[in-house]
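What follows is a single structure, written as structure tokens, with notes after it.
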Amino acid sequence: MNRAIVRKVVTIVHTLKFPKKAFTNDAAAGVSSADSVQFNNEEHKLGMTTNMDEYDVAIVGGGMVGMALACALSNMPLTKHLNIAIIDSNPALGRRDCIKKDDLPDARVSTVTPATISFFKDVGAWEYVQQHRHAYFDKMQVWDYTGLGYTTYNARDVGKEILGCVVENKVLHSSLLSCLEQNAEFQKTIYPSRLSSMTLESRSPSTETGFSPSATTLHNCGCLAKLDLSDGKSLYAKLVVGADGGKSRVRELAGIKTTGWSYPQNAVICTVEHDVENKCAWQRFLPSGPIALLPVGDKYSNIVWTMKPKESSEHKSMNADDFVKAVNKALDYGYGPHPQSSFVGNYGDRFSWFPAAMTPSANEHFEVPPKAVKVASERMAFPLSLMHANDYASNRVVLIGDAAHTVHPLAGQGVNLGFGDAFSLSKVISDGIAVGSDIGEVSLLKKYEAERKPANIMMTAILDGFQKAYSLDLGPLNILRAAAFHGAQYIAPVKRNIIAYASGEQKWPLFS
């Protein structure tokens, strides 16, 4: 009895000492738009700072994937009443940067798939994307430097209007933030800070476990995760979502191991300008790595050029005119001849006997991409690597986006995988609430892992296989690659399945 009394007294003292926001599954009445997004830097009404607040979900990382999860939660009937904290030191979250249509395109872009576009439409963010520069494309041409083959993908091959859309990252991020700000009922607080440490608190202090060696016994506040921030504030959450990138602090503190390696390649990215508008996505595999030319609208294209680290330093620092010449060479006759359309056409005749074997794009001739005339942005270079978390979920913690997996950028799938994670996790949280589950229980979070991990591993393995297959210049391997190009070009089921898988509309590749 004495222990019960002591526990009750401690609970009362804790409540008096640390005013908190209560967890909620019902929307608070009368929440105004101004209150729905707030920055936690004001003092509490009682004179104490609100450094011990409680939330249902704490999203660490307010980038595109973290904001996508917040938007998804704000739009689902069973999750829109949750109390959410977003922790990110990025000043862009605290100000409304004006993106002008006549601004030059930023070098950091994403190629979003039809599945991602549908997700953005569902959460109400795509209407904001459409207010800014973006470029749909319905055709993609892929070839390599040997001149032995090429493949053309067309949206008509699968009865669609588009294959994807290229959007600047700042536009995607701003659109998600605008979507959140328009939702007056959704309770969210943005902490402009960084995560320092994280500890688990169980109902009994004796069973407390810590994610950091310095964890100490704290007040009894139920099964929660405690997050200590770099500005001295602290908060509690039922669920902590690590959306904080490849060097995830959440993953590190949770002790989740990873598997991966660095590639002997860097990617150089920038924006180039043409004399004509580019409406096609182009990719050529070169001896040192692929180069992609992606339309971004208004006679601009984005370059993603993978090469050896030494070459990337040279291309990043060379003068603009020389860089333009290097780009045009890499996308034209440089390193090898153009594929011969007549040769490929004769090869395709072998499949003409098979009913419905040919797709509309099967007989399209090889085309040379539009020439770049000048560099229109800063050139940036970054190292490439593969990383995959051994676990996506542990008690009170879950990983999404680059915190869970990073892939080679040759197919532009990285951010689309992250958006898929955000959508899947939001559904799992909603389903858990529907049956009265604790949203931080590992058994619930493992359902999200079971859905996303196999799909992400499959895509990671395919992209890694492409990287390795095109990194070797061997006669027999070149012939095999040419055969793969021909098969994708002329065998309709193969082409349709590749398009469906790459567009996010099919979970598994090839005849699933």
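Chain identifiers are assigned as A, B, and so on, following the order in which chains appear in the structure tokens; residues are numbered from 1 within each chain, and ligands are numbered from 1 in order of appearance.
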Item checked: Shell around Ala107 in chain A at 8 Å using only C-alpha atoms, local window under 2 positions removed, as a PyMOL selection string -> chain A and resi 105+109+168+269-271+302+377-380
Considering only C-alpha atoms, return as a tab-separated table (two decimals) with all heavy atoms, in the first residue's frame whatever protein or nucleic-acid residues lie within 8 Å of Ala243 in chain A, sequence-local ones (same chain, fewer than 5 positions apart) excluded.
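Contents of out10.tsv, as written:
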```
chain	number	residue	atom	x	y	z
A	59	ILE	N	7.91	13.19	-35.48
A	59	ILE	CA	8.60	12.94	-36.74
A	59	ILE	C	9.93	13.68	-36.70
A	59	ILE	O	9.95	14.92	-36.67
A	59	ILE	CB	7.76	13.40	-37.94
A	59	ILE	CG1	6.40	12.69	-37.95
A	59	ILE	CG2	8.51	13.14	-39.24
A	59	ILE	CD1	5.44	13.22	-39.01
A	60	VAL	N	11.02	12.94	-36.66
A	60	VAL	CA	12.35	13.55	-36.64
A	60	VAL	C	12.83	13.64	-38.09
A	60	VAL	O	13.13	12.63	-38.72
A	60	VAL	CB	13.34	12.73	-35.80
A	60	VAL	CG1	14.70	13.42	-35.76
A	60	VAL	CG2	12.80	12.55	-34.38
A	61	GLY	N	12.86	14.85	-38.61
A	61	GLY	CA	13.20	15.07	-40.01
A	61	GLY	C	12.02	15.66	-40.76
A	61	GLY	O	11.02	14.96	-41.00
A	62	GLY	N	12.12	16.93	-41.10
A	62	GLY	CA	11.03	17.61	-41.79
A	62	GLY	C	11.29	17.79	-43.26
A	62	GLY	O	10.85	18.79	-43.84
A	63	GLY	N	12.00	16.85	-43.87
A	63	GLY	CA	12.22	16.90	-45.31
A	63	GLY	C	11.00	16.42	-46.07
A	63	GLY	O	9.89	16.36	-45.53
A	65	VAL	N	10.04	13.44	-47.21
A	65	VAL	CA	9.39	12.21	-46.75
A	65	VAL	C	8.72	12.41	-45.40
A	65	VAL	O	7.59	11.96	-45.18
A	65	VAL	CB	10.40	11.05	-46.71
A	65	VAL	CG1	9.79	9.81	-46.08
A	65	VAL	CG2	10.89	10.73	-48.12
A	66	GLY	N	9.39	13.11	-44.48
A	66	GLY	CA	8.78	13.38	-43.18
A	66	GLY	C	7.52	14.21	-43.31
A	66	GLY	O	6.49	13.93	-42.65
A	248	SER	N	20.91	8.96	-40.25
A	248	SER	CA	19.84	9.10	-39.26
A	248	SER	C	20.32	9.02	-37.82
A	248	SER	O	20.94	8.04	-37.40
A	248	SER	CB	18.78	8.02	-39.50
A	248	SER	OG	17.83	7.99	-38.47
A	399	LEU	N	11.51	3.63	-38.94
A	399	LEU	CA	12.30	4.37	-39.92
A	399	LEU	C	11.58	4.42	-41.26
A	399	LEU	O	10.96	3.44	-41.68
A	399	LEU	CB	13.66	3.69	-40.12
A	399	LEU	CG	14.53	3.47	-38.89
A	399	LEU	CD1	15.81	2.71	-39.28
A	399	LEU	CD2	14.87	4.78	-38.21
A	400	ILE	N	11.70	5.57	-41.94
A	400	ILE	CA	11.15	5.72	-43.28
A	400	ILE	C	12.16	6.47	-44.16
A	400	ILE	O	13.03	7.17	-43.66
A	400	ILE	CB	9.79	6.45	-43.30
A	400	ILE	CG1	9.93	7.88	-42.76
A	400	ILE	CG2	8.75	5.68	-42.50
A	400	ILE	CD1	8.63	8.70	-42.87
A	401	GLY	N	12.01	6.32	-45.47
A	401	GLY	CA	12.86	7.06	-46.40
A	401	GLY	C	14.32	6.67	-46.30
A	401	GLY	O	14.66	5.52	-46.04
A	402	ASP	N	15.19	7.66	-46.52
A	402	ASP	CA	16.63	7.40	-46.54
A	402	ASP	C	17.16	6.93	-45.19
A	402	ASP	O	18.26	6.37	-45.13
A	402	ASP	CB	17.39	8.66	-46.96
A	402	ASP	CG	17.32	8.90	-48.46
A	402	ASP	OD1	16.72	8.06	-49.17
A	402	ASP	OD2	17.86	9.92	-48.93
A	403	ALA	N	16.43	7.14	-44.11
A	403	ALA	CA	16.84	6.61	-42.82
A	403	ALA	C	16.79	5.09	-42.83
A	403	ALA	O	17.52	4.43	-42.08
A	403	ALA	CB	15.95	7.17	-41.70
```
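The set of residues in range 92-139 of chain A assigned to alpha helix (DSSP H) by DSSP, using only backbone atoms of this structure, is A:Pro114, A:Ala115, A:Thr116, A:Ile117, A:Ser118, A:Phe119, A:Phe120, A:Lys121, A:Asp122, A:Val123, A:Trp126, A:Glu127, A:Tyr128, A:Val129.
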Next item on the list: Per DSSP on the backbone, filter range 64-134 of chain A down to the residues in strand (DSSP E or B) and report them as a ChimeraX atom specification.
Entry: /A:83-87,109-112,134
Preceding selection exported with all heavy atoms as an mmCIF file, in the first residue's frame:
```cif
data_model
loop_
_atom_site.group_PDB
_atom_site.id
_atom_site.type_symbol
_atom_site.label_atom_id
_atom_site.label_comp_id
_atom_site.auth_asym_id
_atom_site.auth_seq_id
_atom_site.Cartn_x
_atom_site.Cartn_y
_atom_site.Cartn_z
ATOM 1 N N ASN A 83 -1.852 14.270 -32.291
ATOM 2 C CA ASN A 83 -1.015 15.421 -31.959
ATOM 3 C C ASN A 83 0.409 15.101 -32.420
ATOM 4 O O ASN A 83 1.015 14.141 -31.941
ATOM 5 C CB ASN A 83 -1.059 15.665 -30.452
ATOM 6 C CG ASN A 83 -0.560 17.039 -30.075
ATOM 7 O OD1 ASN A 83 -0.240 17.849 -30.946
ATOM 8 N ND2 ASN A 83 -0.476 17.295 -28.783
ATOM 9 N N ILE A 84 0.939 15.891 -33.360
ATOM 10 C CA ILE A 84 2.188 15.563 -34.039
ATOM 11 C C ILE A 84 3.265 16.599 -33.734
ATOM 12 O O ILE A 84 2.997 17.806 -33.719
ATOM 13 C CB ILE A 84 1.979 15.504 -35.569
ATOM 14 C CG1 ILE A 84 0.823 14.566 -35.920
ATOM 15 C CG2 ILE A 84 3.262 15.084 -36.272
ATOM 16 C CD1 ILE A 84 1.071 13.129 -35.577
ATOM 17 N N ALA A 85 4.477 16.137 -33.498
ATOM 18 C CA ALA A 85 5.646 17.016 -33.387
ATOM 19 C C ALA A 85 6.561 16.738 -34.581
ATOM 20 O O ALA A 85 6.762 15.588 -34.959
ATOM 21 C CB ALA A 85 6.396 16.764 -32.083
ATOM 22 N N ILE A 86 7.095 17.799 -35.185
ATOM 23 C CA ILE A 86 8.053 17.681 -36.277
ATOM 24 C C ILE A 86 9.346 18.351 -35.822
ATOM 25 O O ILE A 86 9.343 19.541 -35.477
ATOM 26 C CB ILE A 86 7.529 18.341 -37.567
ATOM 27 C CG1 ILE A 86 6.212 17.688 -37.998
ATOM 28 C CG2 ILE A 86 8.565 18.238 -38.679
ATOM 29 C CD1 ILE A 86 5.521 18.397 -39.148
ATOM 30 N N ILE A 87 10.423 17.588 -35.794
ATOM 31 C CA ILE A 87 11.703 18.078 -35.275
ATOM 32 C C ILE A 87 12.686 18.205 -36.428
ATOM 33 O O ILE A 87 13.051 17.211 -37.057
ATOM 34 C CB ILE A 87 12.255 17.109 -34.205
ATOM 35 C CG1 ILE A 87 11.248 16.957 -33.057
ATOM 36 C CG2 ILE A 87 13.602 17.608 -33.684
ATOM 37 C CD1 ILE A 87 11.542 15.786 -32.142
ATOM 38 N N VAL A 109 16.398 17.924 -58.054
ATOM 39 C CA VAL A 109 15.064 17.578 -58.531
ATOM 40 C C VAL A 109 14.771 16.116 -58.204
ATOM 41 O O VAL A 109 15.670 15.344 -57.865
ATOM 42 C CB VAL A 109 14.922 17.803 -60.052
ATOM 43 C CG1 VAL A 109 15.273 19.233 -60.424
ATOM 44 C CG2 VAL A 109 15.759 16.811 -60.845
ATOM 45 N N SER A 110 13.501 15.758 -58.327
ATOM 46 C CA SER A 110 13.083 14.363 -58.177
ATOM 47 C C SER A 110 12.181 13.995 -59.338
ATOM 48 O O SER A 110 11.380 14.815 -59.794
ATOM 49 C CB SER A 110 12.327 14.154 -56.857
ATOM 50 O OG SER A 110 13.171 14.342 -55.741
ATOM 51 N N THR A 111 12.324 12.771 -59.820
ATOM 52 C CA THR A 111 11.417 12.235 -60.831
ATOM 53 C C THR A 111 10.345 11.435 -60.103
ATOM 54 O O THR A 111 10.613 10.338 -59.615
ATOM 55 C CB THR A 111 12.167 11.337 -61.824
ATOM 56 O OG1 THR A 111 13.231 12.076 -62.423
ATOM 57 C CG2 THR A 111 11.235 10.836 -62.916
ATOM 58 N N VAL A 112 9.161 11.992 -59.990
ATOM 59 C CA VAL A 112 8.100 11.331 -59.231
ATOM 60 C C VAL A 112 7.282 10.451 -60.171
ATOM 61 O O VAL A 112 6.987 10.821 -61.306
ATOM 62 C CB VAL A 112 7.203 12.339 -58.493
ATOM 63 C CG1 VAL A 112 7.985 13.033 -57.391
ATOM 64 C CG2 VAL A 112 6.601 13.376 -59.432
ATOM 65 N N HIS A 134 7.035 22.358 -63.321
ATOM 66 C CA HIS A 134 7.138 20.902 -63.286
ATOM 67 C C HIS A 134 7.043 20.412 -64.728
ATOM 68 O O HIS A 134 6.558 21.121 -65.605
ATOM 69 C CB HIS A 134 6.040 20.269 -62.428
ATOM 70 C CG HIS A 134 4.647 20.563 -62.897
ATOM 71 N ND1 HIS A 134 4.047 21.803 -62.742
ATOM 72 C CD2 HIS A 134 3.743 19.794 -63.542
ATOM 73 C CE1 HIS A 134 2.841 21.777 -63.256
ATOM 74 N NE2 HIS A 134 2.619 20.573 -63.768
#
```
Note to self: Need to verify the contact set: range 273-283 of chain A, 7 Å, only C-alpha atoms, exclusion of same-chain residues closer than 3 positions in sequence. Can you return it as JSON, numbers by chain?
What the structure shows: {"A": [137, 138, 139, 140, 141, 142, 143, 290, 291, 292, 293, 294, 295, 297, 298, 299, 300, 301, 370, 371, 372, 373, 374, 375, 376]}
Item checked: Glu127 in chain A environment, 12 Å, only C-alpha atoms, sequence neighbours closer than 2 positions dropped, as an MDAnalysis selection string -> chainID A and resid 117:125 129:132 134 171:172 174:176 178:179
Margin query: What's around Leu78 in chain A at 10 Å? Count only C-alpha atoms, leave out sequence neighbours fewer than 3 positions away in its own chain, and write the answer as a PyMOL selection string.
Written below: chain A and resi 25-26+73-75+81-82+427+429-434
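CA of Phe382 in chain A sits 10.6 Å away from CA of Lys316 in chain A.
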Checklist line | Residue nearest Leu386 in chain A - candidates A:Asp464, A:Glu314, A:Asp102, A:Asp322, atoms counted: only C-alpha atoms | finding: A:Asp464
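Atom pair CA of Ile439 in chain A / CA of Ala68 in chain A has a distance of 18.3 Å (rounded to one decimal).
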Check: Which residue, A:Val304, A:Ala492, A:Leu425, A:Pro309, has the smallest gap to Pro409 in chain A when you use only C-alpha atoms?
Finding: A:Val304
Check: How many Å separate CA of Gly334 in chain A from CA of Arg284 in chain A?
Finding: 10.8 Å
Notebook entry, point to check: Between A:Val415, A:Ile491, A:Ala115, A:Leu227, which is the closest to Pro360 in chain A once you count only C-alpha atoms?
Noted result: A:Ile491
Note to self: So that I can see what lies close to Thr306 in chain A, please list as a PyMOL selection string the residues with an atom at most 8 Å from it, counting only C-alpha atoms and leaving out residues fewer than 2 positions away in the same chain.
What the structure shows: chain A and resi 265-268+288-291+304+308+312
Item checked: Neighbour list for range 194-198 of chain A as a ChimeraX atom specification, cut-off 6 Å, only C-alpha atoms, skip fewer than 4 positions in-chain -> /A:88-89,211,226-230
